[in-house]
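Structure file protein_8.csv (CSV, C-alpha atoms) follows.
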chain,number,residue,atom,x,y,z
A,1,MET,CA,0.0,0.0,0.0
A,2,THR,CA,1.5,3.3,-1.0
A,3,GLU,CA,1.7,6.4,1.1
A,4,GLN,CA,-0.5,8.2,-1.4
A,5,THR,CA,-3.2,5.6,-0.9
A,6,VAL,CA,-3.0,6.1,2.9
A,7,ARG,CA,-3.3,9.9,2.6
A,8,THR,CA,-6.4,9.7,0.6
A,9,ARG,CA,-8.4,7.6,3.0
A,10,MET,CA,-11.0,8.9,5.5
A,11,LEU,CA,-8.8,9.1,8.5
A,12,ASP,CA,-10.7,11.5,10.9
A,13,LYS,CA,-11.4,9.1,13.8
A,14,GLY,CA,-13.6,11.6,15.5
A,15,LYS,CA,-16.2,11.7,12.8
A,16,VAL,CA,-18.1,8.7,11.6
A,17,PRO,CA,-18.7,9.2,7.9
A,18,THR,CA,-22.2,8.9,6.5
A,19,ASP,CA,-23.0,6.8,3.4
A,20,GLU,CA,-23.4,10.0,1.5
A,21,GLU,CA,-20.0,11.3,2.6
A,22,MET,CA,-18.3,8.1,1.6
A,23,LEU,CA,-20.0,8.2,-1.8
A,24,ARG,CA,-18.9,11.8,-2.4
A,25,ASN,CA,-15.4,10.8,-1.3
A,26,VAL,CA,-15.0,7.9,-3.7
A,27,GLY,CA,-15.9,10.4,-6.5
A,28,SER,CA,-15.4,9.0,-9.9
A,29,ALA,CA,-15.5,5.4,-8.5
A,30,GLY,CA,-19.0,6.1,-7.1
A,31,GLU,CA,-20.8,4.0,-9.7
A,32,THR,CA,-18.6,1.0,-8.9
A,33,TRP,CA,-18.9,1.6,-5.1
A,34,THR,CA,-22.7,1.7,-5.4
A,35,SER,CA,-22.8,-1.3,-7.7
A,36,LEU,CA,-20.7,-3.4,-5.4
A,37,ARG,CA,-22.7,-2.4,-2.3
A,38,ALA,CA,-26.0,-3.2,-4.1
A,39,MET,CA,-24.7,-6.6,-5.1
A,40,LEU,CA,-23.7,-7.3,-1.5
A,41,ALA,CA,-27.1,-6.2,-0.2
A,42,GLU,CA,-28.9,-8.3,-2.8
A,43,ARG,CA,-26.8,-11.5,-2.6
A,44,TYR,CA,-26.0,-11.4,1.2
A,45,PRO,CA,-29.0,-9.9,2.8
A,46,ASP,CA,-28.1,-11.4,6.2
A,47,LEU,CA,-24.9,-9.3,6.3
A,48,ALA,CA,-25.5,-5.8,7.6
A,49,PRO,CA,-22.7,-3.5,6.7
A,50,GLY,CA,-20.9,-2.1,9.7
A,51,ILE,CA,-18.9,1.1,9.6
A,52,ASP,CA,-15.8,1.1,11.8
A,53,TYR,CA,-12.4,2.7,12.1
A,54,GLY,CA,-9.5,0.5,11.0
A,55,GLY,CA,-6.8,2.6,12.6
A,56,ALA,CA,-4.7,5.6,11.5
A,57,ARG,CA,-3.3,3.8,8.5
A,58,TYR,CA,-6.6,2.4,7.1
A,59,GLY,CA,-9.2,4.9,8.3
A,60,TRP,CA,-13.0,4.3,8.1
A,61,GLN,CA,-14.2,1.1,6.4
A,62,VAL,CA,-17.5,-0.6,5.6
A,63,ARG,CA,-17.2,-4.2,6.7
A,64,TYR,CA,-19.4,-7.1,5.7
A,65,ARG,CA,-19.1,-10.0,8.2
A,66,LYS,CA,-21.0,-12.7,9.9
A,67,GLY,CA,-20.1,-14.5,13.0
A,68,GLY,CA,-16.7,-12.9,13.2
A,69,ARG,CA,-15.8,-14.0,9.7
A,70,LEU,CA,-15.1,-11.2,7.3
A,71,LEU,CA,-16.5,-11.4,3.8
A,72,VAL,CA,-15.2,-8.1,2.5
A,73,SER,CA,-14.1,-4.7,3.7
A,74,LEU,CA,-14.4,-1.5,1.7
A,75,PHE,CA,-12.1,1.5,2.4
A,76,PRO,CA,-13.4,4.7,0.8
A,77,GLU,CA,-10.7,6.9,-0.6
A,78,GLN,CA,-10.5,10.2,-2.6
A,79,ASP,CA,-11.7,9.3,-6.2
A,80,GLY,CA,-11.5,5.5,-5.5
A,81,PHE,CA,-11.7,2.8,-2.9
A,82,THR,CA,-9.9,-0.3,-1.8
A,83,SER,CA,-11.7,-3.6,-1.1
A,84,LEU,CA,-10.1,-6.3,1.1
A,85,VAL,CA,-10.9,-9.9,0.3
A,86,GLU,CA,-9.1,-12.5,2.4
A,87,LEU,CA,-8.7,-15.9,0.8
A,88,GLY,CA,-7.8,-18.8,3.1
A,89,ARG,CA,-5.8,-21.7,1.8
A,90,ALA,CA,-8.8,-23.6,0.4
A,91,GLU,CA,-10.3,-20.5,-1.1
A,92,ASP,CA,-6.9,-19.6,-2.6
A,93,ALA,CA,-6.8,-22.9,-4.4
A,94,LYS,CA,-10.4,-22.3,-5.7
A,95,ALA,CA,-9.3,-18.9,-6.9
A,96,GLU,CA,-6.5,-20.5,-9.0
A,97,ALA,CA,-9.2,-22.8,-10.5
A,98,ILE,CA,-11.3,-19.8,-11.7
A,99,LEU,CA,-8.4,-17.6,-12.8
A,100,ASP,CA,-9.5,-17.7,-16.4
A,101,ARG,CA,-12.8,-16.1,-15.4
A,102,LEU,CA,-11.1,-13.1,-13.8
A,103,SER,CA,-10.0,-9.9,-15.5
A,104,PRO,CA,-6.3,-9.6,-16.5
A,105,ALA,CA,-5.8,-7.0,-13.8
A,106,MET,CA,-7.2,-9.4,-11.1
A,107,GLN,CA,-5.0,-12.2,-12.5
A,108,ARG,CA,-2.0,-10.0,-12.1
A,109,LEU,CA,-3.0,-9.0,-8.5
A,110,LEU,CA,-3.5,-12.6,-7.5
A,111,GLY,CA,-0.2,-13.6,-9.0
A,112,GLY,CA,1.6,-10.7,-7.3
A,113,THR,CA,0.1,-11.0,-3.8
A,114,ALA,CA,2.2,-12.9,-1.3
A,115,GLN,CA,0.9,-16.3,-0.1
A,116,LEU,CA,0.8,-16.1,3.7
A,117,HIS,CA,0.5,-19.0,6.1
A,118,ASP,CA,-3.3,-18.6,6.1
A,119,GLY,CA,-3.8,-17.5,2.5
A,120,ARG,CA,-3.8,-14.2,0.7
A,121,TRP,CA,-5.1,-10.8,1.6
A,122,LEU,CA,-6.2,-9.1,-1.6
A,123,LEU,CA,-6.2,-5.3,-1.5
A,124,ILE,CA,-8.1,-4.5,-4.6
A,125,ARG,CA,-7.8,-0.8,-5.5
A,126,TRP,CA,-10.5,0.7,-7.7
A,127,PRO,CA,-10.5,1.3,-10.5
A,128,GLU,CA,-7.1,-0.2,-11.3
A,129,ASP,CA,-7.2,-3.7,-9.9
A,130,GLY,CA,-10.4,-5.4,-11.0
A,131,THR,CA,-14.1,-5.4,-11.6
A,132,VAL,CA,-17.2,-5.9,-9.5
A,133,GLU,CA,-17.5,-9.3,-11.2
A,134,ASP,CA,-14.0,-10.2,-10.0
A,135,VAL,CA,-14.9,-9.3,-6.5
A,136,ARG,CA,-18.2,-11.1,-6.7
A,137,GLU,CA,-16.4,-14.3,-7.9
A,138,LEU,CA,-13.8,-14.0,-5.0
A,139,ILE,CA,-16.4,-13.4,-2.4
A,140,GLN,CA,-18.4,-16.4,-3.6
A,141,LEU,CA,-15.4,-18.5,-2.8
A,142,ARG,CA,-15.7,-17.4,0.9
A,143,ARG,CA,-19.5,-17.7,1.2
A,144,ARG,CA,-22.2,-18.9,-1.2
A,145,PRO,CA,-24.7,-16.1,-2.0
A,146,LYS,CA,-28.4,-16.2,-1.6
A,147,ARG,CA,-30.0,-17.6,-4.7
A,148,PRO,CA,-31.6,-14.8,-6.9

Would it be possible to restate this file's structure as structure tokens?
Amino acid sequence: MTEQTVRTRMLDKGKVPTDEEMLRNVGSAGETWTSLRAMLAERYPDLAPGIDYGGARYGWQVRYRKGGRLLVSLFPEQDGFTSLVELGRAEDAKAEAILDRLSPAMQRLLGGTAQLHDGRWLLIRWPEDGTVEDVRELIQLRRRPKRP
């Protein structure tokens, strides 16, 4: 994560941002932000988004989790955002199996992200690193969505 990315995050711990403030902050990535959040609301209705402060380095985030297990975190930034998808070992192997369905940018990100003892932490920067479809595919590896 670059210093530039850190500076553009919503870092004021004393003020919880509203949905409208986060949408304004993501600026040109607003359509993607809205589309991703709508997909999460539709496909994972049992996961209420929680807004919490991730520390001085990460700032405010919207987290989707159930039972302590994180599905995805979204970090609003100036004119963009970063999503965090954690892939455990089993999920990482499944990601390799669907690699051809992912965008070239996401394929590069997966290939360039270090394998940790418990999997990979994918920090997907918008709009550079992938598409809503990529994130949908990766999230489905963690948890099956509600059937449409």

note - CA of Lys146 (chain A) and CA of Tyr44 (chain A) are separated by 6.1 Å

With a distance cut-off of 10 Å and all atoms listed in the file, select the neighbouring residues of region 105-122 of chain A, excluding the residue or stretch itself and same-chain residues fewer than 2 positions from it, and output the selection as a VMD selection string. chain A and resid 72 82 to 93 95 to 96 98 to 103 124 to 125 128 to 131 134 to 135 138

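Nearest-residue note for Gln78 (chain A): choosing from A:Gly30, A:Thr18, A:Pro145, A:Ile139, the minimum distance belongs to A:Gly30, counting only C-alpha atoms.
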
Rank A:Lys66, A:Pro127, A:Phe75, A:Gly80 by their smallest atom-to-atom distance to Gly27 (chain A), using only C-alpha atoms, and report the top residue only. A:Gly80

Kindly give the distance, in Å, that separates CA of Val16 (chain A) and CA of Gly55 (chain A), rounded to a single decimal.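 Atom-to-atom, CA of Val16 (chain A) and CA of Gly55 (chain A) are spaced 12.9 Å apart.
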
Tell me which of A:Leu74, A:Ile51, A:Ala56, A:Ala97 sits closest to Arg37 (chain A), counting all atoms listed in the file.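 The answer is A:Leu74, which sits nearest to Arg37 (chain A).
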
Would you compute the distance between CA of Thr32 (chain A) and CA of Pro45 (chain A)? Give it in Å to one decimal.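 Interatomic distance here is 19.1 Å.
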